[in-house]
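Text of input_9.cif (mmCIF, C-alpha atoms and all ligand atoms) as supplied:
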```cif
data_structure
#
loop_
_atom_site.label_atom_id
_atom_site.label_comp_id
_atom_site.auth_asym_id
_atom_site.auth_seq_id
_atom_site.Cartn_x
_atom_site.Cartn_y
_atom_site.Cartn_z
CA MET A 1 -3.35 -6.67 17.42
CA SER A 2 -2.25 -4.76 14.35
CA LEU A 3 -4.23 -3.87 11.27
CA VAL A 4 -2.11 -3.55 8.14
CA TYR A 5 -3.69 -1.91 5.09
CA ILE A 6 -1.85 -2.95 1.94
CA LEU A 7 -2.13 -0.14 -0.58
CA GLY A 8 -0.56 0.56 -3.95
CA MET A 9 -1.13 1.32 -7.60
CA ALA A 10 -2.75 -1.29 -9.83
CA GLY A 11 -0.55 -4.36 -10.13
CA SER A 12 2.01 -3.26 -7.52
CA GLY A 13 1.70 -6.60 -5.71
CA LYS A 14 -0.90 -6.00 -2.96
CA THR A 15 -2.61 -9.36 -3.31
CA THR A 16 0.67 -11.26 -3.63
CA LEU A 17 2.01 -9.52 -0.51
CA THR A 18 -1.17 -10.31 1.43
CA ALA A 19 -0.69 -14.00 0.59
CA LYS A 20 3.07 -14.16 1.16
CA PHE A 21 3.37 -11.90 4.19
CA SER A 22 0.57 -13.73 5.98
CA GLU A 23 2.38 -17.00 5.26
CA TRP A 24 5.63 -15.47 6.60
CA LEU A 25 3.94 -14.11 9.74
CA GLU A 26 2.32 -17.48 10.46
CA LYS A 27 5.66 -19.24 10.08
CA ASN A 28 6.92 -16.81 12.72
CA GLY A 29 4.20 -17.75 15.17
CA GLU A 30 1.68 -14.93 14.57
CA ILE A 31 -2.08 -15.44 14.24
CA VAL A 32 -3.04 -13.80 10.97
CA LYS A 33 -6.37 -12.99 9.34
CA ARG A 34 -6.68 -11.99 5.70
CA VAL A 35 -9.27 -9.57 4.40
CA ASN A 36 -10.05 -8.97 0.75
CA LEU A 37 -11.61 -5.56 0.07
CA ASP A 38 -11.27 -5.80 -3.73
CA PRO A 39 -14.71 -6.49 -5.24
CA GLY A 40 -13.16 -6.98 -8.68
CA VAL A 41 -10.58 -9.66 -8.01
CA VAL A 42 -11.29 -12.91 -9.82
CA GLN A 43 -8.87 -15.29 -8.13
CA LEU A 44 -7.08 -14.94 -4.83
CA PRO A 45 -3.84 -16.71 -3.93
CA TYR A 46 -4.97 -16.88 -0.28
CA LYS A 47 -8.08 -17.93 1.58
CA PRO A 48 -9.74 -14.78 2.92
CA ASP A 49 -11.22 -14.74 6.42
CA PHE A 50 -13.50 -11.97 5.20
CA ASP A 51 -14.12 -11.31 1.52
CA VAL A 52 -15.97 -8.18 0.42
CA ARG A 53 -17.26 -10.14 -2.59
CA GLU A 54 -19.76 -11.65 -0.12
CA ILE A 55 -21.32 -8.16 -0.24
CA VAL A 56 -20.53 -7.10 -3.79
CA ASN A 57 -18.88 -8.92 -6.66
CA LEU A 58 -17.86 -6.62 -9.51
CA GLN A 59 -18.34 -9.16 -12.33
CA GLU A 60 -21.82 -10.12 -11.14
CA LEU A 61 -22.76 -6.48 -10.62
CA MET A 62 -21.65 -5.50 -14.13
CA ARG A 63 -23.74 -8.31 -15.61
CA ARG A 64 -26.76 -7.62 -13.43
CA GLU A 65 -26.86 -3.84 -13.92
CA GLY A 66 -25.44 -3.74 -17.46
CA LEU A 67 -22.44 -1.64 -16.42
CA GLY A 68 -18.96 -1.23 -17.87
CA PRO A 69 -15.83 -1.69 -15.72
CA ASN A 70 -15.58 1.92 -14.51
CA GLY A 71 -19.29 2.39 -13.87
CA GLY A 72 -19.26 -1.01 -12.18
CA LEU A 73 -16.40 -0.01 -9.89
CA LEU A 74 -18.13 3.21 -8.86
CA ARG A 75 -21.34 1.30 -8.16
CA ALA A 76 -19.41 -1.37 -6.20
CA ASN A 77 -17.82 1.41 -4.19
CA GLU A 78 -21.26 2.83 -3.42
CA ILE A 79 -22.51 -0.59 -2.26
CA MET A 80 -19.45 -1.07 -0.04
CA LEU A 81 -20.10 2.35 1.50
CA GLN A 82 -23.72 1.41 2.20
CA ASN A 83 -22.40 -1.69 3.97
CA ILE A 84 -19.58 -0.05 5.88
CA ASN A 85 -21.01 -1.24 9.22
CA VAL A 86 -21.00 -4.86 8.08
CA ILE A 87 -17.42 -4.53 6.80
CA SER A 88 -16.12 -2.94 10.00
CA SER A 89 -17.97 -5.32 12.31
CA ARG A 90 -16.61 -8.35 10.42
CA ILE A 91 -13.06 -6.98 10.69
CA ASN A 92 -13.59 -6.10 14.35
CA GLU A 93 -14.77 -9.64 14.99
CA LEU A 94 -11.61 -11.04 13.35
CA SER A 95 -9.43 -8.79 15.50
CA LYS A 96 -10.50 -10.64 18.65
CA ASN A 97 -8.51 -13.66 17.64
CA ALA A 98 -5.56 -12.31 15.68
CA SER A 99 -2.21 -10.67 16.13
CA TYR A 100 -2.24 -9.29 12.58
CA ILE A 101 -5.00 -8.53 10.09
CA LEU A 102 -3.78 -7.92 6.56
CA ILE A 103 -6.17 -5.92 4.40
CA ASP A 104 -5.81 -6.32 0.64
CA THR A 105 -7.26 -3.17 -0.93
CA PRO A 106 -8.87 -2.65 -4.37
CA GLY A 107 -6.74 -2.65 -7.51
CA GLN A 108 -7.53 1.00 -8.22
CA LEU A 109 -5.66 2.97 -5.58
CA GLU A 110 -7.94 5.98 -5.80
CA LEU A 111 -11.02 3.95 -4.91
CA PHE A 112 -9.70 3.21 -1.46
CA ALA A 113 -7.08 5.86 -0.81
CA PHE A 114 -8.67 9.02 -2.22
CA ARG A 115 -12.39 8.49 -1.95
CA GLU A 116 -14.70 8.10 1.01
CA LEU A 117 -14.39 4.32 1.27
CA GLY A 118 -10.88 4.07 2.73
CA SER A 119 -11.25 6.84 5.27
CA LYS A 120 -14.67 5.47 6.34
CA VAL A 121 -13.30 1.94 6.82
CA ILE A 122 -10.28 3.25 8.70
CA SER A 123 -12.22 5.62 10.95
CA SER A 124 -14.74 2.88 11.77
CA LEU A 125 -11.80 0.75 12.96
CA SER A 126 -9.83 3.54 14.59
CA SER A 127 -9.75 1.78 17.96
CA LEU A 128 -7.36 -0.77 16.41
CA ASN A 129 -3.64 -0.13 15.80
CA SER A 130 -3.43 0.67 12.10
CA VAL A 131 -0.71 1.23 9.56
CA GLY A 132 -0.70 1.59 5.78
CA ILE A 133 1.90 -0.05 3.56
CA PHE A 134 2.24 1.81 0.27
CA LEU A 135 3.74 -0.58 -2.26
CA ILE A 136 5.74 0.89 -5.11
CA ASP A 137 6.71 -1.27 -8.05
CA ALA A 138 10.51 -1.03 -8.37
CA LEU A 139 10.10 -0.74 -12.13
CA ASN A 140 8.33 2.59 -11.54
CA LEU A 141 11.26 4.06 -9.61
CA VAL A 142 13.89 4.68 -12.24
CA ARG A 143 14.36 8.44 -12.09
CA ALA A 144 14.72 10.89 -9.23
CA SER A 145 11.46 12.53 -10.33
CA ASP A 146 9.73 9.13 -9.87
CA VAL A 147 10.84 9.25 -6.24
CA VAL A 148 9.30 12.70 -5.85
CA MET A 149 6.02 11.39 -7.27
CA ALA A 150 6.08 8.34 -4.98
CA VAL A 151 6.73 10.48 -1.91
CA LEU A 152 3.96 12.89 -2.92
CA LEU A 153 1.52 10.02 -3.30
CA THR A 154 2.53 8.54 0.05
CA LEU A 155 1.93 11.86 1.77
CA ALA A 156 -1.40 12.36 0.00
CA ILE A 157 -2.56 8.93 1.17
CA ARG A 158 -1.38 9.62 4.68
CA PHE A 159 -3.26 12.92 4.83
CA HIS A 160 -6.41 11.46 3.36
CA LEU A 161 -6.51 8.28 5.44
CA ASP A 162 -5.06 9.81 8.59
CA ILE A 163 -2.86 6.83 9.49
CA ASP A 164 0.89 6.27 9.31
CA VAL A 165 1.87 5.11 5.85
CA VAL A 166 5.23 3.56 5.04
CA MET A 167 6.64 3.40 1.55
CA ILE A 168 7.84 -0.05 0.55
CA ILE A 169 9.57 -0.86 -2.74
CA ASN A 170 8.25 -4.15 -4.16
CA LYS A 171 9.47 -6.44 -6.95
CA ILE A 172 13.10 -5.70 -6.13
CA ASP A 173 13.91 -9.05 -7.78
CA THR A 174 13.11 -7.42 -11.13
CA THR A 175 15.67 -4.58 -10.99
CA ASP A 176 19.09 -3.54 -9.76
CA GLN A 177 19.54 -1.40 -6.63
CA LYS A 178 18.83 1.93 -8.41
CA PRO A 179 15.35 2.44 -6.84
CA VAL A 180 16.82 1.88 -3.36
CA TYR A 181 19.72 4.21 -4.12
CA LEU A 182 17.41 6.99 -5.35
CA LEU A 183 15.07 6.79 -2.37
CA ARG A 184 18.01 6.68 0.02
CA GLN A 185 19.49 9.83 -1.54
CA PHE A 186 16.15 11.58 -1.17
CA PHE A 187 16.20 11.08 2.60
CA ALA A 188 19.90 10.96 3.43
CA ASN A 189 21.67 13.06 0.88
CA PRO A 190 19.51 15.89 -0.44
CA LYS A 191 22.43 17.56 -2.20
CA VAL A 192 23.14 14.50 -4.35
CA PHE A 193 19.42 13.99 -4.91
CA MET A 194 19.01 17.59 -6.11
CA GLU A 195 21.94 17.13 -8.51
CA GLU A 196 20.17 14.09 -9.91
CA ILE A 197 16.98 16.15 -10.36
CA THR A 198 18.90 18.92 -12.14
CA ARG A 199 20.50 16.37 -14.49
CA GLU A 200 17.05 15.00 -15.35
CA ASN A 201 15.07 18.21 -15.62
CA GLY A 202 16.35 21.60 -16.53
CA GLY A 203 14.45 24.88 -16.47
CA ILE A 204 11.23 25.53 -14.69
CA ILE A 205 10.35 21.86 -14.05
CA GLY A 206 13.71 21.24 -12.38
CA GLU A 207 13.29 24.40 -10.28
CA MET A 208 9.77 23.42 -9.25
CA THR A 209 10.82 19.86 -8.38
CA MET A 210 13.68 21.12 -6.21
CA GLN A 211 11.33 23.36 -4.23
CA LEU A 212 8.88 20.48 -3.90
CA VAL A 213 11.63 18.22 -2.55
CA ASP A 214 12.41 20.78 0.16
CA VAL A 215 8.78 20.94 1.23
CA LEU A 216 8.32 17.15 1.16
CA ARG A 217 11.42 16.53 3.23
CA GLU A 218 10.05 18.88 5.84
CA PHE A 219 6.86 16.86 6.27
CA LEU A 220 8.18 13.35 5.82
CA PRO A 221 10.31 11.97 8.64
CA PRO A 222 13.48 10.20 7.50
CA SER A 223 12.78 6.56 7.04
CA ARG A 224 14.65 3.34 6.54
CA ILE A 225 14.29 2.15 2.97
CA VAL A 226 12.69 -1.26 2.76
CA ALA A 227 12.79 -3.06 -0.57
CA ILE A 228 11.12 -6.45 -0.81
CA SER A 229 10.11 -9.11 -3.23
CA ALA A 230 6.63 -10.20 -2.24
CA LEU A 231 6.75 -12.97 -4.81
CA LYS A 232 10.05 -14.42 -3.62
CA MET A 233 9.39 -13.52 0.02
CA ASP A 234 12.67 -11.57 0.17
CA ASN A 235 13.26 -9.08 3.01
CA LEU A 236 9.89 -9.66 4.68
CA ASP A 237 11.76 -9.50 7.98
CA ASP A 238 12.60 -5.85 7.16
CA LEU A 239 8.92 -5.20 6.40
CA PHE A 240 7.95 -6.76 9.73
CA SER A 241 10.54 -4.67 11.54
CA ILE A 242 9.42 -1.34 10.02
CA ILE A 243 5.77 -2.11 10.85
CA HIS A 244 6.83 -2.85 14.39
CA ASP A 245 8.76 0.44 14.55
CA VAL A 246 5.69 2.40 13.46
CA PHE A 247 3.62 0.91 16.27
CA CYS A 248 6.19 1.36 18.98
CA GLY A 249 7.35 4.73 17.68
CA CYS A 250 10.92 3.51 18.01
CA GLY A 251 13.57 2.04 15.75
CA ASP A 252 16.57 3.56 14.12
CA LEU A 253 16.12 6.05 11.35
CA MET A 254 17.83 5.35 8.06
N1 LIG B 1 8.74 -10.33 -10.01
C1 LIG B 1 7.82 -10.04 -9.10
N2 LIG B 1 6.53 -10.03 -9.44
C2 LIG B 1 5.62 -9.73 -8.48
C3 LIG B 1 5.99 -9.42 -7.16
N3 LIG B 1 4.86 -9.15 -6.46
C4 LIG B 1 3.83 -9.29 -7.33
N4 LIG B 1 4.28 -9.65 -8.54
C5 LIG B 1 3.51 -9.91 -9.76
O1 LIG B 1 2.84 -8.72 -10.14
C6 LIG B 1 1.57 -9.04 -10.71
C7 LIG B 1 0.48 -8.30 -9.95
O2 LIG B 1 0.46 -8.80 -8.62
P1 LIG B 1 -0.80 -8.65 -7.68
O3 LIG B 1 -0.41 -9.21 -6.36
O4 LIG B 1 -2.02 -9.19 -8.33
O5 LIG B 1 -0.90 -7.07 -7.63
P2 LIG B 1 -2.11 -6.20 -7.05
O6 LIG B 1 -1.51 -4.91 -6.59
O7 LIG B 1 -2.89 -6.99 -6.07
O8 LIG B 1 -2.95 -5.99 -8.38
P3 LIG B 1 -4.41 -5.31 -8.47
O9 LIG B 1 -5.19 -5.76 -7.28
O10 LIG B 1 -4.95 -5.85 -9.76
O11 LIG B 1 -4.14 -3.85 -8.50
C8 LIG B 1 1.43 -10.56 -10.62
O12 LIG B 1 1.83 -11.10 -11.85
C9 LIG B 1 2.42 -10.94 -9.52
O13 LIG B 1 2.92 -12.25 -9.65
C10 LIG B 1 7.38 -9.44 -6.82
O14 LIG B 1 7.82 -9.19 -5.71
N5 LIG B 1 8.24 -9.75 -7.84
MG MG B 2 -4.99 -7.26 -5.93
#
```

Starting from the file, lay out its structure as structure tokens.
Ligand SMILES: Nc1nc2c(ncn2[C@@H]2O[C@H](COP(=O)(O)OP(=O)(O)OP(=O)(O)O)[C@@H](O)[C@H]2O)c(=O)[nH]1
Ligand SMILES: [Mg+2]
Amino acid sequence: MSLVYILGMAGSGKTTLTAKFSEWLEKNGEIVKRVNLDPGVVQLPYKPDFDVREIVNLQELMRREGLGPNGGLLRANEIMLQNINVISSRINELSKNASYILIDTPGQLELFAFRELGSKVISSLSSLNSVGIFLIDALNLVRASDVVMAVLLTLAIRFHLDIDVVMIINKIDTTDQKPVYLLRQFFANPKVFMEEITRENGGIIGEMTMQLVDVLREFLPPSRIVAISALKMDNLDDLFSIIHDVFCGCGDLM
């Protein structure tokens, strides 16, 4: 049984991927459960097996307590934390009859990845095999410095949540291969990547970024680059394969 946390910035495609990847896994014979941990989502393109809105629904909460969207989100976060045992026991229950559980996380990355909620959920389920998928919108990977930011964020999430996190480029149907090229250079060809950085940023920023790249490469193992289209269900076999590699600690690098 594998627990897959689907993480990413607002609008990166978490909910779409939860719907489409679960459909893909089922077509390939897996038993899949879907969990929605976003209290603010209005409509889901999949039928959740556990929906956190049973505990707290952002729209209702805002109305009831007269809160704005940000205050509402913080309050919803607090209520989810108070109910962490319910959340983890419901997910644990689902794990008894599943080969995969896909967890769709809240729209605001920081709510799950950088506050107490995510690490509490993950540590309460630490007996289950867990991996994080960090979705990056291909449209946000146009410059080498965007790659540095994406890698930094991936590492920050990994440190905070204390699980393996793999970077996945999403919405590849909307761009050319530039995002894949840039990420590949970062891992495979640091010299070319550094040249790209120097072209983009001169002076102190360029110097700082180059030093940062050296440090990041030291802490991030080389990885195959997986670029998918959740919407069009393209390359979901690559996603499946990289998740499998994380769990078995095998697979080819690059
Ligand atoms: N072209 C394209 N659009 C996509 C893809 N994946 C998601 N989208 C679109 O991106 C928008 C946001 O998708 P969601 O799945 O709601 O993203 P999310 O990360 O769950 O959004 P929040 O939960 O609000 O942060 C929707 O319009 C999707 O149809 C993709 O692979 N390609
Ligand atoms: Mg969503």

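Atom to atom, CA of Leu73 (chain A) and CA of Leu161 (chain A) stand 20.0 Å apart.
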
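Inspection of the environment of ligand MG 2 (chain B), which uses all atoms listed in the file and a cut-off of 7 Å, identifies the neighbouring residues as A:Gly11, A:Gly13, A:Lys14, A:Thr15, A:Asp38, A:Val41, A:Asp104, A:Thr105, A:Pro106, A:Gly107.
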
Any chance you could tabulate, as a Markdown table, the residues of chain A at most 10 Å from ligand LIG 1 (chain B) with each one's nearest atom pair and distance in Å to one decimal, using only C-alpha atoms and all ligand atoms, in chain and rising number order?
```
| residue | atom | partner | partner_atom | distance |
| --- | --- | --- | --- | --- |
| A:Ile6 | CA | B:LIG1 | O6 | 8.8 |
| A:Leu7 | CA | B:LIG1 | O6 | 7.7 |
| A:Gly8 | CA | B:LIG1 | O6 | 6.1 |
| A:Met9 | CA | B:LIG1 | O11 | 6.0 |
| A:Ala10 | CA | B:LIG1 | O11 | 3.2 |
| A:Gly11 | CA | B:LIG1 | O8 | 3.4 |
| A:Ser12 | CA | B:LIG1 | O6 | 4.0 |
| A:Gly13 | CA | B:LIG1 | O5 | 3.3 |
| A:Lys14 | CA | B:LIG1 | O7 | 3.8 |
| A:Thr15 | CA | B:LIG1 | O7 | 3.6 |
| A:Thr16 | CA | B:LIG1 | O3 | 3.6 |
| A:Leu17 | CA | B:LIG1 | O3 | 6.3 |
| A:Thr18 | CA | B:LIG1 | O3 | 7.9 |
| A:Ala19 | CA | B:LIG1 | O3 | 8.4 |
| A:Lys20 | CA | B:LIG1 | N3 | 9.3 |
| A:Asn36 | CA | B:LIG1 | O9 | 9.9 |
| A:Leu37 | CA | B:LIG1 | O9 | 9.8 |
| A:Asp38 | CA | B:LIG1 | O9 | 7.0 |
| A:Pro39 | CA | B:LIG1 | O9 | 9.8 |
| A:Gly40 | CA | B:LIG1 | O9 | 8.2 |
| A:Val41 | CA | B:LIG1 | O9 | 6.7 |
| A:Val42 | CA | B:LIG1 | O10 | 9.5 |
| A:Gln43 | CA | B:LIG1 | O4 | 9.2 |
| A:Leu44 | CA | B:LIG1 | O4 | 8.4 |
| A:Pro45 | CA | B:LIG1 | O3 | 8.6 |
| A:Asp104 | CA | B:LIG1 | O7 | 7.3 |
| A:Thr105 | CA | B:LIG1 | O9 | 7.2 |
| A:Pro106 | CA | B:LIG1 | O9 | 5.6 |
| A:Gly107 | CA | B:LIG1 | O11 | 3.0 |
| A:Gln108 | CA | B:LIG1 | O11 | 5.9 |
| A:Leu109 | CA | B:LIG1 | O11 | 7.6 |
| A:Leu135 | CA | B:LIG1 | O6 | 8.1 |
| A:Ile136 | CA | B:LIG1 | O6 | 9.4 |
| A:Asp137 | CA | B:LIG1 | C3 | 8.2 |
| A:Ala138 | CA | B:LIG1 | O14 | 9.0 |
| A:Leu139 | CA | B:LIG1 | N1 | 9.9 |
| A:Ile169 | CA | B:LIG1 | O14 | 9.0 |
| A:Asn170 | CA | B:LIG1 | O14 | 5.3 |
| A:Lys171 | CA | B:LIG1 | O14 | 3.4 |
| A:Ile172 | CA | B:LIG1 | O14 | 6.3 |
| A:Asp173 | CA | B:LIG1 | N5 | 5.7 |
| A:Thr174 | CA | B:LIG1 | N1 | 5.4 |
| A:Thr175 | CA | B:LIG1 | N1 | 9.1 |
| A:Ala227 | CA | B:LIG1 | O14 | 9.4 |
| A:Ile228 | CA | B:LIG1 | O14 | 6.5 |
| A:Ser229 | CA | B:LIG1 | O14 | 3.4 |
| A:Ala230 | CA | B:LIG1 | O14 | 3.8 |
| A:Leu231 | CA | B:LIG1 | O14 | 4.0 |
| A:Lys232 | CA | B:LIG1 | O14 | 6.1 |
| A:Met233 | CA | B:LIG1 | O14 | 7.4 |
| A:Asp234 | CA | B:LIG1 | O14 | 8.0 |
```

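CA of His160 (chain A) to CA of Val52 (chain A) spans 22.0 Å [interatomic distance, one decimal].
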
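Our summary of the geometry notes that CA of Val213 (chain A) is positioned 11.8 Å from CA of Asn189 (chain A).
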
For this session: Up to 12 Å from (8.5, 19.2, 0.2) in the file's coordinates: name the residues, counting all atoms listed in the file, as number ranges by chain.
Result: A: 148-149, 151-152, 155, 186-187, 190, 208-221

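You can rank A:Lys96, A:Lys120, A:Arg75, A:Arg184 by their closest distance to Lys33 (chain A) using all atoms listed in the file, and at the top of that list sits A:Lys96.
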
Seminar exercise, completed: Min atom-atom distance to Ile243 (chain A) from the set A:Leu74, A:Ile133, A:Leu182, A:Val32, counting all atoms listed in the file, belongs to A:Ile133

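Among the candidates A:Gln177, A:Asn77, A:Thr198, A:Asn235, the residue lying nearest to Trp24 (chain A) is A:Asn235 (atoms considered: all atoms listed in the file).
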
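Minimum atom-to-atom distances from A:Ala76, A:Ala144, A:Met167, A:Lys47 to Gln59 (chain A) were compared using only C-alpha atoms, and the lowest value belongs to A:Ala76.
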
Problem set entry | Ala188 (chain A) surroundings by only C-alpha atoms, 12 Å radius, close-in-sequence under 2 positions cut, as a count of residues only | 20

For this session: For Asn83 (chain A), work out the shell of residues within 12 Å, counting only C-alpha atoms and skipping chain neighbours fewer than 3 positions away, then give it as a ChimeraX atom specification.
Result: /A:52-56,76-80,86-90,117,120-121,124

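Of the residues listed (A:Val131, A:Ala150, A:Ser123, A:Asp162), A:Val131 shows the shortest atom-to-atom separation from Ile242 (chain A); distances use only C-alpha atoms.
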
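In terms of minimum interatomic distance to Asn129 (chain A), A:Phe247 ranks closest within A:Phe247, A:Phe240, A:Phe112, A:Phe159, counting only C-alpha atoms.
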
Since the input is missing atoms, can you rebuild N, CA and C atoms for region 109-127 of chain A and write them as a PDB file, in the coordinates of the input?
```pdb
ATOM      1  N   LEU A 109      -6.074   2.272  -6.806  1.00  0.00           N
ATOM      2  CA  LEU A 109      -5.660   2.970  -5.580  1.00  0.00           C
ATOM      3  C   LEU A 109      -6.656   4.051  -5.163  1.00  0.00           C
ATOM      4  N   GLU A 110      -7.115   4.820  -6.158  1.00  0.00           N
ATOM      5  CA  GLU A 110      -7.940   5.980  -5.800  1.00  0.00           C
ATOM      6  C   GLU A 110      -9.259   5.578  -5.146  1.00  0.00           C
ATOM      7  N   LEU A 111      -9.750   4.379  -5.483  1.00  0.00           N
ATOM      8  CA  LEU A 111     -11.020   3.950  -4.910  1.00  0.00           C
ATOM      9  C   LEU A 111     -10.942   3.868  -3.392  1.00  0.00           C
ATOM     10  N   PHE A 112      -9.829   3.372  -2.904  1.00  0.00           N
ATOM     11  CA  PHE A 112      -9.700   3.210  -1.460  1.00  0.00           C
ATOM     12  C   PHE A 112      -9.012   4.412  -0.817  1.00  0.00           C
ATOM     13  N   ALA A 113      -7.932   4.872  -1.475  1.00  0.00           N
ATOM     14  CA  ALA A 113      -7.080   5.860  -0.810  1.00  0.00           C
ATOM     15  C   ALA A 113      -7.593   7.298  -0.928  1.00  0.00           C
ATOM     16  N   PHE A 114      -8.306   7.607  -2.010  1.00  0.00           N
ATOM     17  CA  PHE A 114      -8.670   9.020  -2.220  1.00  0.00           C
ATOM     18  C   PHE A 114     -10.167   9.276  -2.232  1.00  0.00           C
ATOM     19  N   ARG A 115     -10.955   8.247  -2.053  1.00  0.00           N
ATOM     20  CA  ARG A 115     -12.390   8.490  -1.950  1.00  0.00           C
ATOM     21  C   ARG A 115     -12.828   8.208  -0.526  1.00  0.00           C
ATOM     22  N   GLU A 116     -14.169   8.217  -0.336  1.00  0.00           N
ATOM     23  CA  GLU A 116     -14.700   8.100   1.010  1.00  0.00           C
ATOM     24  C   GLU A 116     -14.451   6.720   1.626  1.00  0.00           C
ATOM     25  N   LEU A 117     -14.403   5.691   0.752  1.00  0.00           N
ATOM     26  CA  LEU A 117     -14.390   4.320   1.270  1.00  0.00           C
ATOM     27  C   LEU A 117     -13.262   4.061   2.274  1.00  0.00           C
ATOM     28  N   GLY A 118     -12.023   4.364   1.867  1.00  0.00           N
ATOM     29  CA  GLY A 118     -10.880   4.070   2.730  1.00  0.00           C
ATOM     30  C   GLY A 118     -10.965   4.800   4.057  1.00  0.00           C
ATOM     31  N   SER A 119     -11.239   6.099   4.003  1.00  0.00           N
ATOM     32  CA  SER A 119     -11.250   6.840   5.270  1.00  0.00           C
ATOM     33  C   SER A 119     -12.411   6.379   6.159  1.00  0.00           C
ATOM     34  N   LYS A 120     -13.538   5.979   5.537  1.00  0.00           N
ATOM     35  CA  LYS A 120     -14.670   5.470   6.340  1.00  0.00           C
ATOM     36  C   LYS A 120     -14.302   4.146   7.006  1.00  0.00           C
ATOM     37  N   VAL A 121     -13.687   3.245   6.238  1.00  0.00           N
ATOM     38  CA  VAL A 121     -13.300   1.940   6.820  1.00  0.00           C
ATOM     39  C   VAL A 121     -12.329   2.194   7.964  1.00  0.00           C
ATOM     40  N   ILE A 122     -11.328   3.030   7.701  1.00  0.00           N
ATOM     41  CA  ILE A 122     -10.280   3.250   8.700  1.00  0.00           C
ATOM     42  C   ILE A 122     -10.841   3.949   9.951  1.00  0.00           C
ATOM     43  N   SER A 123     -11.715   4.945   9.742  1.00  0.00           N
ATOM     44  CA  SER A 123     -12.220   5.620  10.950  1.00  0.00           C
ATOM     45  C   SER A 123     -13.170   4.704  11.725  1.00  0.00           C
ATOM     46  N   SER A 124     -13.853   3.788  11.022  1.00  0.00           N
ATOM     47  CA  SER A 124     -14.740   2.880  11.770  1.00  0.00           C
ATOM     48  C   SER A 124     -13.927   1.850  12.563  1.00  0.00           C
ATOM     49  N   LEU A 125     -12.651   1.723  12.246  1.00  0.00           N
ATOM     50  CA  LEU A 125     -11.800   0.750  12.960  1.00  0.00           C
ATOM     51  C   LEU A 125     -10.687   1.459  13.722  1.00  0.00           C
ATOM     52  N   SER A 126     -10.932   2.728  14.049  1.00  0.00           N
ATOM     53  CA  SER A 126      -9.830   3.540  14.590  1.00  0.00           C
ATOM     54  C   SER A 126      -9.392   3.102  15.984  1.00  0.00           C
ATOM     55  N   SER A 127     -10.194   2.241  16.633  1.00  0.00           N
ATOM     56  CA  SER A 127      -9.750   1.780  17.960  1.00  0.00           C
ATOM     57  C   SER A 127      -8.634   0.735  17.826  1.00  0.00           C
TER      58      SER A 127
END
```
